[in-house]
>>> print(open('target.cif').read())   # mmCIF, C-alpha atoms
data_model
#
loop_
_atom_site.label_atom_id
_atom_site.label_comp_id
_atom_site.auth_asym_id
_atom_site.auth_seq_id
_atom_site.Cartn_x
_atom_site.Cartn_y
_atom_site.Cartn_z
CA MET J 5 134.96 -4.56 79.81
CA LYS J 6 134.62 -0.89 80.68
CA VAL J 7 135.57 2.39 79.03
CA ASP J 8 138.59 4.00 80.65
CA ALA J 9 138.86 7.78 80.40
CA ILE J 10 141.55 10.40 80.04
CA VAL J 11 140.47 13.89 81.08
CA GLY J 12 142.27 17.19 81.64
CA LEU J 13 141.96 18.52 85.17
CA GLN J 14 142.87 22.18 84.60
CA TRP J 15 142.03 24.69 81.84
CA GLY J 16 143.27 22.47 79.01
CA ASP J 17 146.74 21.98 77.50
CA GLU J 18 147.64 19.48 80.22
CA GLY J 19 149.28 17.01 77.84
CA LYS J 20 146.38 14.61 77.26
CA GLY J 21 147.48 13.72 73.73
CA LYS J 22 150.84 12.40 74.85
CA ILE J 23 149.30 10.28 77.61
CA VAL J 24 146.68 8.86 75.22
CA ASP J 25 149.40 8.00 72.71
CA TYR J 26 151.55 6.39 75.42
CA LEU J 27 148.74 4.24 76.85
CA ALA J 28 147.00 3.50 73.55
CA ASP J 29 148.80 0.22 72.88
CA GLN J 30 147.05 -1.20 75.96
CA TYR J 31 143.67 -0.70 74.25
CA ASP J 32 141.81 -1.82 71.14
CA MET J 33 140.11 1.49 70.51
CA VAL J 34 140.51 5.21 71.28
CA CYS J 35 137.41 7.41 71.10
CA ARG J 36 137.11 11.22 71.17
CA PHE J 37 133.89 12.07 72.96
CA GLN J 38 133.49 15.88 72.82
CA GLY J 39 134.90 19.18 71.60
CA GLY J 40 136.13 20.01 68.14
CA PRO J 41 138.98 21.78 66.37
CA ASN J 42 139.29 24.16 69.31
CA ALA J 43 141.31 21.34 70.88
CA GLY J 44 144.94 20.75 70.01
CA HIS J 45 146.61 17.57 71.21
CA THR J 46 150.36 17.71 70.61
CA LEU J 47 152.46 14.56 70.22
CA LYS J 48 156.19 14.26 69.62
CA ILE J 49 157.15 10.94 68.05
CA GLU J 50 160.63 10.07 66.79
CA GLY J 51 161.59 13.74 66.76
CA LYS J 52 158.54 14.81 64.76
CA LYS J 53 155.78 17.02 66.15
CA PHE J 54 152.13 16.30 65.36
CA VAL J 55 149.11 18.36 66.42
CA LEU J 56 145.70 16.68 66.26
CA HIS J 57 142.51 18.73 66.47
CA THR J 58 139.80 16.19 65.64
CA ILE J 59 141.41 12.78 65.08
CA PRO J 60 141.97 10.74 68.27
CA SER J 61 145.54 10.58 69.56
CA GLY J 62 145.73 6.81 69.13
CA ILE J 63 145.99 7.11 65.35
CA PHE J 64 149.79 6.65 65.40
CA ARG J 65 149.49 3.20 66.99
CA ASP J 66 149.29 0.46 64.34
CA ALA J 67 146.08 -1.59 64.21
CA LEU J 68 144.33 0.60 66.80
CA ILE J 69 140.77 1.68 65.96
CA ASN J 70 140.08 5.42 66.42
CA VAL J 71 136.53 6.75 66.67
CA ILE J 72 135.34 10.35 66.41
CA GLY J 73 132.27 10.18 68.62
CA ASN J 74 128.88 11.80 68.26
CA GLY J 75 129.72 14.38 70.94
CA VAL J 76 132.45 15.88 68.74
CA VAL J 77 131.71 18.76 66.37
CA ILE J 78 133.59 18.35 63.09
CA ASP J 79 134.92 20.98 60.73
CA PRO J 80 135.48 19.03 57.48
CA ILE J 81 138.21 21.50 56.43
CA THR J 82 140.22 20.90 59.60
CA LEU J 83 139.67 17.14 59.38
CA ALA J 84 140.79 17.06 55.74
CA ALA J 85 143.98 18.96 56.64
CA GLU J 86 144.76 16.46 59.41
CA ILE J 87 144.18 13.54 57.06
CA SER J 88 146.52 15.10 54.52
CA LYS J 89 149.27 15.26 57.16
CA LEU J 90 148.72 11.62 58.09
CA GLU J 91 149.03 10.66 54.43
CA ALA J 92 152.23 12.70 54.14
CA VAL J 93 153.91 10.60 56.84
CA LYS J 94 152.35 7.40 55.48
CA VAL J 95 150.13 6.57 58.45
CA ASP J 96 147.77 3.78 57.41
CA PHE J 97 144.47 5.02 58.83
CA ARG J 98 141.73 4.22 56.29
CA ASP J 99 140.46 1.11 58.06
CA ARG J 100 141.16 2.51 61.54
CA LEU J 101 139.48 5.94 61.56
CA LEU J 102 135.73 5.90 62.05
CA VAL J 103 133.26 8.77 62.38
CA ALA J 104 129.94 8.65 64.26
CA LYS J 105 127.04 9.61 62.00
CA LYS J 106 125.45 11.63 64.80
CA ALA J 107 128.46 13.97 65.15
CA HIS J 108 127.51 17.54 64.23
CA LEU J 109 129.12 19.51 61.41
CA ILE J 110 130.71 22.94 61.67
CA LEU J 111 129.67 25.03 58.67
CA PRO J 112 131.65 28.00 57.33
CA THR J 113 128.86 30.25 58.54
CA HIS J 114 129.28 28.88 62.06
CA ARG J 115 132.80 30.32 62.00
CA LEU J 116 131.47 33.58 60.56
CA LEU J 117 128.94 33.81 63.41
CA ASP J 118 131.62 33.01 65.97
CA ALA J 119 133.88 35.80 64.70
CA ALA J 120 131.04 38.33 64.49
CA SER J 121 129.70 37.51 67.95
CA GLU J 122 133.13 37.66 69.63
CA SER J 123 133.99 40.92 67.88
CA ALA J 124 130.72 42.49 69.05
CA LYS J 125 131.52 41.70 72.70
CA GLY J 126 134.44 44.13 72.79
CA LYS J 127 136.13 44.03 76.19
CA ALA J 128 133.70 41.33 77.34
CA LYS J 129 135.20 38.76 74.96
CA ILE J 130 135.32 35.21 76.35
CA GLY J 131 138.45 34.25 74.40
CA SER J 132 136.81 32.08 71.75
CA THR J 133 139.13 30.17 69.40
CA LEU J 134 136.84 31.39 66.54
CA LYS J 135 136.50 27.83 65.23
CA GLY J 136 132.69 27.93 65.19
CA ILE J 137 132.37 25.63 68.20
CA GLY J 138 129.82 27.67 70.20
CA PRO J 139 127.44 28.38 67.29
CA THR J 140 127.56 24.70 66.27
CA TYR J 141 126.61 23.48 69.73
CA MET J 142 123.91 26.16 69.85
CA ASP J 143 122.41 24.75 66.66
CA LYS J 144 122.69 21.27 68.12
CA THR J 145 120.70 22.17 71.25
CA GLY J 146 118.41 24.37 69.17
CA ARG J 147 117.63 21.35 66.96
CA ASN J 148 118.83 23.05 63.80
CA GLY J 149 122.16 21.32 63.31
CA LEU J 150 123.51 19.23 60.47
CA ARG J 151 125.13 15.89 61.27
CA VAL J 152 127.55 13.63 59.45
CA GLY J 153 124.72 11.28 58.56
CA ASP J 154 122.92 14.13 56.78
CA LEU J 155 125.71 14.17 54.18
CA PHE J 156 124.28 10.94 52.79
CA MET J 157 120.66 12.15 52.66
CA ASN J 158 118.97 13.38 49.47
CA ASP J 159 117.87 16.65 51.09
CA PHE J 160 121.32 17.60 52.43
CA LYS J 161 121.79 20.60 50.11
CA GLU J 162 118.41 22.01 51.10
CA LYS J 163 119.16 21.61 54.81
CA TYR J 164 122.57 23.21 54.34
CA GLN J 165 121.14 26.20 52.51
CA ALA J 166 118.42 26.75 55.11
CA LEU J 167 120.95 26.73 57.95
CA LYS J 168 123.31 29.00 56.01
CA GLU J 169 120.56 31.57 55.46
CA LYS J 170 119.69 31.49 59.15
CA HIS J 171 123.34 32.18 60.03
CA LEU J 172 123.62 35.03 57.54
CA GLY J 173 120.55 36.62 59.08
CA LEU J 174 122.03 36.36 62.57
CA SER J 175 125.45 37.66 61.52
CA ALA J 176 123.78 40.74 60.05
CA LEU J 177 122.83 41.73 63.61
CA HIS J 178 126.53 42.19 64.44
CA PRO J 179 129.15 44.57 63.05
CA GLU J 180 130.66 43.24 59.83
CA VAL J 181 133.85 41.17 60.14
CA GLU J 182 136.33 40.14 57.48
CA PHE J 183 135.37 36.65 56.27
CA ASP J 184 135.66 35.27 52.71
CA LEU J 185 132.57 33.07 52.77
CA GLU J 186 132.74 32.09 49.11
CA THR J 187 136.29 30.74 49.40
CA GLU J 188 135.63 28.99 52.72
CA GLU J 189 132.46 27.42 51.37
CA ALA J 190 134.31 26.03 48.33
CA LYS J 191 136.94 24.48 50.63
CA TRP J 192 134.19 23.07 52.85
CA PHE J 193 132.41 21.26 50.02
CA ASP J 194 135.70 19.85 48.77
CA SER J 195 136.46 18.63 52.28
CA ILE J 196 133.15 16.84 52.82
CA LYS J 197 134.10 14.53 49.94
CA ILE J 198 137.05 13.40 52.08
CA LEU J 199 134.84 13.06 55.16
CA LYS J 200 132.34 10.93 53.22
CA SER J 201 135.16 8.64 52.09
CA LEU J 202 135.82 7.63 55.71
CA LYS J 203 133.97 4.88 57.53
CA CYS J 204 130.87 6.54 58.99
CA VAL J 205 129.15 4.37 61.60
CA ASP J 206 126.34 4.32 64.13
CA GLY J 207 128.78 5.18 66.89
CA GLU J 208 126.66 4.17 69.86
CA TYR J 209 126.12 0.66 68.50
CA PHE J 210 129.72 0.33 67.37
CA VAL J 211 131.16 1.21 70.78
CA ASN J 212 128.70 -0.86 72.82
CA GLU J 213 129.12 -3.91 70.61
CA ALA J 214 132.89 -3.59 71.03
CA LEU J 215 132.41 -3.55 74.82
CA GLN J 216 130.25 -6.67 74.62
CA LYS J 217 133.04 -8.40 72.68
CA GLY J 218 135.45 -7.62 75.50
CA GLN J 219 137.41 -4.96 73.63
CA ARG J 220 139.37 -2.39 75.65
CA ILE J 221 138.31 1.21 75.00
CA LEU J 222 139.98 4.47 75.98
CA ALA J 223 137.90 7.67 75.86
CA GLU J 224 139.86 10.83 75.06
CA GLY J 225 138.62 14.18 76.30
CA ALA J 226 139.40 17.59 74.84
CA GLN J 227 139.98 20.88 76.67
CA GLY J 228 140.08 20.78 80.47
CA SER J 229 137.56 20.24 83.25
CA MET J 230 137.60 23.91 84.24
CA LEU J 231 136.19 24.68 80.77
CA ASP J 232 133.16 22.40 81.26
CA ILE J 233 129.93 24.15 80.23
CA ASP J 234 128.24 23.26 83.55
CA PHE J 235 131.07 23.17 86.10
CA GLY J 236 133.79 25.35 84.61
CA THR J 237 134.50 29.06 85.09
CA TYR J 238 131.31 30.12 83.33
CA PRO J 239 130.93 32.02 81.02
CA PHE J 240 134.62 31.60 80.15
CA VAL J 241 134.11 27.98 79.17
CA THR J 242 133.66 25.79 76.11
CA SER J 243 130.28 24.57 74.85
CA SER J 244 130.42 20.91 75.84
CA ASN J 245 130.84 18.70 78.90
CA THR J 246 134.57 18.10 79.21
CA ILE J 247 134.33 15.96 82.36
CA THR J 248 133.85 12.19 82.61
CA SER J 249 130.06 12.39 82.42
CA GLY J 250 130.43 13.72 78.87
CA ILE J 251 131.55 10.25 77.78
CA CYS J 252 128.04 8.89 78.29
CA ASN J 253 126.46 11.44 75.95
CA GLY J 254 129.48 11.78 73.68
CA LEU J 255 129.82 8.07 72.89
CA GLY J 256 126.47 6.61 73.90
CA VAL J 257 127.65 4.42 76.79
CA ALA J 258 125.95 3.89 80.15
CA PRO J 259 127.52 5.31 83.36
CA ARG J 260 128.04 1.76 84.69
CA ASN J 261 130.43 1.15 81.79
CA ILE J 262 132.96 3.79 82.90
CA GLY J 263 136.10 2.26 84.41
CA ASP J 264 139.36 3.95 85.36
CA VAL J 265 139.47 7.74 85.07
CA ILE J 266 142.98 9.06 84.44
CA GLY J 267 143.29 12.75 85.25
CA ILE J 268 146.03 14.81 83.62
CA THR J 269 147.54 17.84 85.34
CA LYS J 270 150.62 19.92 84.72
CA ALA J 271 153.12 20.37 87.55
CA TYR J 272 152.06 24.03 87.40
CA CYS J 273 149.03 25.68 85.82
CA THR J 274 148.17 27.50 82.58
CA ARG J 275 145.20 29.04 80.86
CA VAL J 276 144.56 30.40 77.35
CA GLY J 277 142.17 33.28 76.76
CA SER J 278 139.99 35.22 79.17
CA GLY J 279 138.57 34.18 82.51
CA PRO J 280 139.56 33.82 86.16
CA PHE J 281 142.84 32.15 87.11
CA PRO J 282 143.54 32.40 90.88
CA THR J 283 147.25 31.44 90.83
CA GLU J 284 148.22 33.42 87.73
CA LEU J 285 151.64 35.08 87.99
CA PHE J 286 152.24 38.57 86.60
CA ASP J 287 155.96 38.68 87.37
CA PRO J 288 159.23 37.33 85.95
CA ILE J 289 158.45 33.90 87.44
CA GLY J 290 155.32 33.71 85.29
CA GLU J 291 157.36 34.72 82.25
CA GLN J 292 159.96 32.07 83.12
CA LEU J 293 157.25 29.40 83.25
CA GLN J 294 155.90 30.55 79.90
CA THR J 295 159.33 30.47 78.26
CA ALA J 296 160.54 27.21 79.81
CA GLY J 297 157.27 25.46 79.07
CA HIS J 298 156.91 26.84 75.50
CA GLU J 299 153.44 27.87 76.59
CA PHE J 300 151.69 28.82 73.39
CA GLY J 301 148.34 27.36 72.35
CA ALA J 302 148.51 24.40 69.96
CA THR J 303 145.33 25.58 68.23
CA THR J 304 145.51 29.37 68.37
CA GLY J 305 149.20 30.06 68.97
CA ARG J 306 148.20 32.49 71.72
CA PRO J 307 150.54 32.74 74.73
CA ARG J 308 149.26 30.85 77.73
CA ARG J 309 148.87 32.56 81.09
CA CYS J 310 150.98 30.78 83.71
CA GLY J 311 150.82 30.22 87.46
CA TRP J 312 151.51 27.76 90.26
CA ILE J 313 149.59 24.53 90.68
CA ASP J 314 146.21 25.03 92.37
CA LEU J 315 145.12 22.26 94.76
CA PRO J 316 141.59 23.53 95.54
CA GLN J 317 140.97 23.63 91.80
CA LEU J 318 142.39 20.11 91.35
CA LEU J 319 140.38 18.70 94.27
CA TYR J 320 137.27 20.13 92.60
CA THR J 321 137.93 18.50 89.21
CA ILE J 322 139.09 15.22 90.75
CA MET J 323 135.74 15.09 92.56
CA LEU J 324 133.72 15.91 89.44
CA ASN J 325 135.51 13.34 87.29
CA GLY J 326 135.87 10.52 89.80
CA VAL J 327 139.60 10.37 89.08
CA THR J 328 141.30 7.09 90.03
CA LYS J 329 144.84 7.78 88.74
CA LEU J 330 146.90 10.87 87.96
CA ALA J 331 149.47 11.73 85.32
CA LEU J 332 151.68 14.70 86.15
CA THR J 333 153.13 16.41 83.08
CA LYS J 334 155.84 19.00 82.41
CA ILE J 335 157.71 18.43 85.66
CA ASP J 336 160.87 19.17 83.63
CA VAL J 337 159.72 22.76 83.08
CA LEU J 338 160.48 23.40 86.75
CA ASN J 339 164.09 22.22 86.45
CA GLU J 340 165.66 25.67 86.85
CA PHE J 341 163.48 27.15 89.59
CA ASN J 342 165.02 27.81 93.00
CA GLU J 343 161.60 27.76 94.59
CA ILE J 344 158.32 26.10 93.66
CA LYS J 345 154.93 26.87 95.15
CA ALA J 346 151.58 25.14 95.39
CA ALA J 347 148.30 26.81 96.36
CA THR J 348 146.83 24.74 99.19
CA HIS J 349 143.81 26.92 100.08
CA TYR J 350 142.03 30.16 99.18
CA ASP J 351 141.64 33.14 101.47
CA PHE J 352 138.15 34.24 100.45
CA GLN J 353 135.98 36.82 102.19
CA GLY J 354 137.92 36.47 105.42
CA ALA J 355 137.81 32.67 105.55
CA VAL J 356 140.31 30.03 104.48
CA THR J 357 138.82 27.27 102.31
CA ASN J 358 139.83 24.58 99.87
CA LYS J 359 136.52 24.79 98.01
CA LEU J 360 135.83 26.84 94.89
CA PRO J 361 133.27 29.61 95.41
CA PHE J 362 130.37 30.15 93.00
CA GLN J 363 132.46 32.66 91.10
CA LEU J 364 136.23 32.92 91.04
CA ASP J 365 137.17 36.59 91.21
CA ASN J 366 139.83 38.99 92.40
CA GLN J 367 138.75 38.60 96.03
CA ILE J 368 140.44 35.18 96.10
CA LYS J 369 143.96 35.13 97.52
CA PRO J 370 145.77 31.80 97.19
CA VAL J 371 147.55 30.43 100.26
CA TYR J 372 150.84 28.90 99.16
CA LYS J 373 153.20 26.22 100.40
CA ARG J 374 156.82 26.60 99.35
CA PHE J 375 159.12 23.83 98.08
CA ASP J 376 162.83 23.79 97.30
CA GLY J 377 163.59 23.47 93.60
CA TRP J 378 165.99 20.81 92.30
CA ASN J 379 168.00 23.01 89.91
CA SER J 380 169.07 20.07 87.77
CA ASN J 381 168.33 18.52 84.41
CA ILE J 382 166.23 15.35 84.70
CA ASP J 383 166.48 14.40 81.04
CA HIS J 384 168.48 11.28 81.93
CA CYS J 385 165.87 10.00 84.41
CA SER J 386 163.88 7.02 83.21
CA LEU J 387 162.98 5.50 86.59
CA VAL J 388 161.16 7.18 89.46
CA ASN J 389 163.99 6.50 91.93
CA GLU J 390 166.37 8.45 89.66
CA LEU J 391 164.45 11.69 90.22
CA PRO J 392 165.89 14.24 92.69
CA SER J 393 164.70 14.09 96.29
CA GLN J 394 163.06 17.52 95.90
CA ILE J 395 160.76 16.10 93.21
CA HIS J 396 159.83 13.22 95.52
CA ASN J 397 158.95 15.75 98.23
CA TYR J 398 156.71 17.56 95.75
CA LEU J 399 155.06 14.31 94.58
CA ASP J 400 154.51 13.13 98.16
CA PHE J 401 152.82 16.40 99.02
CA LEU J 402 150.55 16.33 95.95
CA GLU J 403 149.49 12.72 96.49
CA SER J 404 148.88 13.24 100.20
CA ASN J 405 146.62 16.21 99.56
CA LEU J 406 144.87 15.05 96.40
CA GLN J 407 144.40 11.48 97.68
CA VAL J 408 144.87 9.97 94.22
CA PRO J 409 148.01 8.07 93.16
CA ILE J 410 150.35 9.68 90.63
CA ARG J 411 151.00 6.85 88.21
CA TRP J 412 152.87 8.67 85.43
CA ILE J 413 155.36 11.53 85.46
CA SER J 414 156.18 13.24 82.17
CA THR J 415 159.72 14.57 81.90
CA GLY J 416 159.59 15.89 78.32
CA PRO J 417 157.38 16.13 75.24
CA GLU J 418 158.61 12.91 73.59
CA ARG J 419 156.65 9.67 73.81
CA GLU J 420 159.45 7.91 75.71
CA LYS J 421 159.85 10.74 78.25
CA LEU J 422 157.28 9.29 80.63
CA ILE J 423 158.12 7.57 83.89
CA HIS J 424 155.71 4.90 85.05
CA ASN J 425 155.33 5.12 88.81
CA PRO J 426 153.86 1.69 89.68
CA ARG J 427 153.50 2.24 93.42
CA GLY J 428 153.66 6.02 93.74
CA PRO J 429 154.98 7.85 96.81
CA SER J 430 154.25 6.10 100.09
CA VAL J 431 150.90 7.61 100.96
CA LYS J 432 147.41 6.18 101.20
CA SER J 433 145.18 6.82 98.19
CA ASN J 434 141.66 6.06 97.03
CA GLU J 435 142.82 3.72 94.26
CA THR J 436 140.96 0.39 94.16
#
>>> encode(input="target.cif", output="structure tokens")
Amino acid sequence: MKVDAIVGLQWGDEGKGKIVDYLADQYDMVCRFQGGPNAGHTLKIEGKKFVLHTIPSGIFRDALINVIGNGVVIDPITLAAEISKLEAVKVDFRDRLLVAKKAHLILPTHRLLDAASESAKGKAKIGSTLKGIGPTYMDKTGRNGLRVGDLFMNDFKEKYQALKEKHLGLSALHPEVEFDLETEEAKWFDSIKILKSLKCVDGEYFVNEALQKGQRILAEGAQGSMLDIDFGTYPFVTSSNTITSGICNGLGVAPRNIGDVIGITKAYCTRVGSGPFPTELFDPIGEQLQTAGHEFGATTGRPRRCGWIDLPQLLYTIMLNGVTKLALTKIDVLNEFNEIKAATHYDFQGAVTNKLPFQLDNQIKPVYKRFDGWNSNIDHCSLVNELPSQIHNYLDFLESNLQVPIRWISTGPEREKLIHNPRGPSVKSNET
């Protein structure tokens, strides 16, 4: 068996959590492979809304194993809060939620450093979620980090104190920020008791042994491909590899063991925080997208910037991820638009291209193709042939240009609001 992957193809918030939850019953195991509590995967099940920041989105499927991989950075406080919410709705997770011992821990002082560093940048802020993600990954690559397995070692307190003192020294180099370290530290130590009560495993062995037994595994990514530390809109990126290759390091599996790659994209485009966004709209249409799509960050609550779908950007992330199937989300948000646009190329330095330049900047002018809107509610549609002809035109165009089949179309936030498109529009694709 191979590990199938779900990755976001834009700047995050594409709806990965819903797709993971929907497909999870086809698998034996769901594994998060990178990121941390800066991610927010929103699921709506039986009228109830759930937001997961660390726990994989397969946790609501009975009997399904969920693994927090070694590539994830864990804030015990956030994890404890999520567990409390699972207990409140009586989700039986104790034997189904496993944590890789090599996953790194976010300390309270990581969050202090994050806040101090971002504050010191002034207008050059990168839009950090202030969850301590960057400083934690910096300690990981700097070989100073603490891991879940260290919680069970006799010298854990000494290691913790040494790292804390290092952070306090670094934070002193920045202007002071408001942060109640004593209170946060008390919550942190209470929360690690909950973390230690979970099943902590050697994740790389656990996942590979499951593959050898023929178990079906789904790898769940966080954030979006355009936030990848290597290939995203640097420096306005996250601190991990959000693309498919991150699965190998984040779970400990070989590249040959990667199977289908399911890419998630909205029917339009959004971004939270700072950084370039070629198709961003600064007019009433952008505001309409924001309102209709309830575009506010699941983690930060910040309003998302909105714009039309960007094909050069999608072609780039489809290439990087090796996408074999697409899921198109939030098509229903476009229900009341008279006109819909898609950026097909960029006009950049006097030339028209569908490739991303080294740096996205204000010199880029998107070249748009216009589509008629459908001006109708599609809430009743449960089959692809029930969708308006204008949606089919839009889907045909996307598939023809992206050369990957659109297999799922999300028509609302609920689990059941997902249309399986077994054949897709009648165009050739690269699906095998």
>>> residues_around(input="target.cif", residues="segment 368-378 of chain J", least_positions_apart="5", cutoff="7 Å", atoms="all atoms listed in the file", output="list in words")
Pro282, Thr283, Asn339, Phe341, Asn342, Glu343, Ile344, Lys345, Ala346, Ala347, Thr348, His349, Tyr350, Asp351, Phe352, Pro392 and Gln394 of chain J
>>> residues_around(input="target.cif", residues="segment 158-166 of chain J", least_positions_apart="4", cutoff="12 Å", atoms="all atoms listed in the file", output="NGL selection string")
:J and (109-114 or 148-154 or 170-173 or 189 or 192-193 or 196)
>>> closest_residue(input="target.cif", among="J:His45, J:Gly207, J:Ala296, J:Ile10", to="Ile72 of chain J", atoms="only C-alpha atoms")
J:Gly207
>>> atom_distance(input="target.cif", atom1="atom CA of Leu406 of chain J", atom2="atom CA of Ile322 of chain J")
8.1 Å
>>> resolve_selection(input="target.cif", expression="the PyMOL selection byres ((chain J and resi 204) around 6)", output="list of chain:residue names")
J:Leu102, J:Val103, J:Ala104, J:Lys105, J:Lys203, J:Val205
>>> closest_residue(input="target.cif", among="J:Thr46, J:Gln353, J:Ser244, J:Gln219", to="Val34 of chain J", atoms="all atoms listed in the file")
J:Gln219
>>> residues_near_point(input="target.cif", point="(165.5, 13.3, 85.0)", cutoff="12 Å", atoms="all atoms listed in the file", output="number ranges by chain")
J: 334-339, 378-396, 413-416, 421-423
>>> write_last_selection(input="target.cif", atoms="C-alpha atoms", output="PDB file, in the coordinates of the input")
ATOM      1  CA  LYS J 334     155.840  19.000  82.410  1.00  0.00           C
ATOM      2  CA  ILE J 335     157.710  18.430  85.660  1.00  0.00           C
ATOM      3  CA  ASP J 336     160.870  19.170  83.630  1.00  0.00           C
ATOM      4  CA  VAL J 337     159.720  22.760  83.080  1.00  0.00           C
ATOM      5  CA  LEU J 338     160.480  23.400  86.750  1.00  0.00           C
ATOM      6  CA  ASN J 339     164.090  22.220  86.450  1.00  0.00           C
ATOM      7  CA  TRP J 378     165.990  20.810  92.300  1.00  0.00           C
ATOM      8  CA  ASN J 379     168.000  23.010  89.910  1.00  0.00           C
ATOM      9  CA  SER J 380     169.070  20.070  87.770  1.00  0.00           C
ATOM     10  CA  ASN J 381     168.330  18.520  84.410  1.00  0.00           C
ATOM     11  CA  ILE J 382     166.230  15.350  84.700  1.00  0.00           C
ATOM     12  CA  ASP J 383     166.480  14.400  81.040  1.00  0.00           C
ATOM     13  CA  HIS J 384     168.480  11.280  81.930  1.00  0.00           C
ATOM     14  CA  CYS J 385     165.870  10.000  84.410  1.00  0.00           C
ATOM     15  CA  SER J 386     163.880   7.020  83.210  1.00  0.00           C
ATOM     16  CA  LEU J 387     162.980   5.500  86.590  1.00  0.00           C
ATOM     17  CA  VAL J 388     161.160   7.180  89.460  1.00  0.00           C
ATOM     18  CA  ASN J 389     163.990   6.500  91.930  1.00  0.00           C
ATOM     19  CA  GLU J 390     166.370   8.450  89.660  1.00  0.00           C
ATOM     20  CA  LEU J 391     164.450  11.690  90.220  1.00  0.00           C
ATOM     21  CA  PRO J 392     165.890  14.240  92.690  1.00  0.00           C
ATOM     22  CA  SER J 393     164.700  14.090  96.290  1.00  0.00           C
ATOM     23  CA  GLN J 394     163.060  17.520  95.900  1.00  0.00           C
ATOM     24  CA  ILE J 395     160.760  16.100  93.210  1.00  0.00           C
ATOM     25  CA  HIS J 396     159.830  13.220  95.520  1.00  0.00           C
ATOM     26  CA  ILE J 413     155.360  11.530  85.460  1.00  0.00           C
ATOM     27  CA  SER J 414     156.180  13.240  82.170  1.00  0.00           C
ATOM     28  CA  THR J 415     159.720  14.570  81.900  1.00  0.00           C
ATOM     29  CA  GLY J 416     159.590  15.890  78.320  1.00  0.00           C
ATOM     30  CA  LYS J 421     159.850  10.740  78.250  1.00  0.00           C
ATOM     31  CA  LEU J 422     157.280   9.290  80.630  1.00  0.00           C
ATOM     32  CA  ILE J 423     158.120   7.570  83.890  1.00  0.00           C
TER      33      ILE J 423
END
>>> atom_distance(input="target.cif", atom1="atom CA of Gly250 of chain J", atom2="atom CA of Val211 of chain J")
14.9 Å
>>> resolve_selection(input="target.cif", expression="the PyMOL selection byres ((chain J and resi 80-89) around 7)", output="ChimeraX atom specification")
/J:41,56,58,78-79,90-93,191-192,195-196,198-199
>>> write_last_selection(input="target.cif", atoms="C-alpha atoms", output="compact mmCIF listing (two decimals), keeping the file's coordinate frame")
# COMPACT_ATOMS: atom_id res chain seq x y z
CA PRO J 41 138.98 21.78 66.37
CA LEU J 56 145.70 16.68 66.26
CA THR J 58 139.80 16.19 65.64
CA ILE J 78 133.59 18.35 63.09
CA ASP J 79 134.92 20.98 60.73
CA LEU J 90 148.72 11.62 58.09
CA GLU J 91 149.03 10.66 54.43
CA ALA J 92 152.23 12.70 54.14
CA VAL J 93 153.91 10.60 56.84
CA LYS J 191 136.94 24.48 50.63
CA TRP J 192 134.19 23.07 52.85
CA SER J 195 136.46 18.63 52.28
CA ILE J 196 133.15 16.84 52.82
CA ILE J 198 137.05 13.40 52.08
CA LEU J 199 134.84 13.06 55.16
>>> residues_around(input="target.cif", residues="Asp232 of chain J", least_positions_apart="5", cutoff="12 Å", atoms="only C-alpha atoms", output="PDB file with C-alpha atoms, keeping the file's coordinate frame")
ATOM      1  CA  VAL J  11     140.470  13.890  81.080  1.00  0.00           C
ATOM      2  CA  GLY J  12     142.270  17.190  81.640  1.00  0.00           C
ATOM      3  CA  LEU J  13     141.960  18.520  85.170  1.00  0.00           C
ATOM      4  CA  GLN J  14     142.870  22.180  84.600  1.00  0.00           C
ATOM      5  CA  TRP J  15     142.030  24.690  81.840  1.00  0.00           C
ATOM      6  CA  GLY J  16     143.270  22.470  79.010  1.00  0.00           C
ATOM      7  CA  GLN J  38     133.490  15.880  72.820  1.00  0.00           C
ATOM      8  CA  GLY J  39     134.900  19.180  71.600  1.00  0.00           C
ATOM      9  CA  GLY J 225     138.620  14.180  76.300  1.00  0.00           C
ATOM     10  CA  ALA J 226     139.400  17.590  74.840  1.00  0.00           C
ATOM     11  CA  GLN J 227     139.980  20.880  76.670  1.00  0.00           C
ATOM     12  CA  THR J 237     134.500  29.060  85.090  1.00  0.00           C
ATOM     13  CA  TYR J 238     131.310  30.120  83.330  1.00  0.00           C
ATOM     14  CA  PRO J 239     130.930  32.020  81.020  1.00  0.00           C
ATOM     15  CA  PHE J 240     134.620  31.600  80.150  1.00  0.00           C
ATOM     16  CA  VAL J 241     134.110  27.980  79.170  1.00  0.00           C
ATOM     17  CA  THR J 242     133.660  25.790  76.110  1.00  0.00           C
ATOM     18  CA  SER J 243     130.280  24.570  74.850  1.00  0.00           C
ATOM     19  CA  SER J 244     130.420  20.910  75.840  1.00  0.00           C
ATOM     20  CA  ASN J 245     130.840  18.700  78.900  1.00  0.00           C
ATOM     21  CA  THR J 246     134.570  18.100  79.210  1.00  0.00           C
ATOM     22  CA  ILE J 247     134.330  15.960  82.360  1.00  0.00           C
ATOM     23  CA  THR J 248     133.850  12.190  82.610  1.00  0.00           C
ATOM     24  CA  SER J 249     130.060  12.390  82.420  1.00  0.00           C
ATOM     25  CA  GLY J 250     130.430  13.720  78.870  1.00  0.00           C
ATOM     26  CA  THR J 321     137.930  18.500  89.210  1.00  0.00           C
ATOM     27  CA  LEU J 324     133.720  15.910  89.440  1.00  0.00           C
ATOM     28  CA  ASN J 325     135.510  13.340  87.290  1.00  0.00           C
TER      29      ASN J 325
END
>>> atom_distance(input="target.cif", atom1="atom CA of Ala28 of chain J", atom2="atom CA of Leu222 of chain J")
7.5 Å
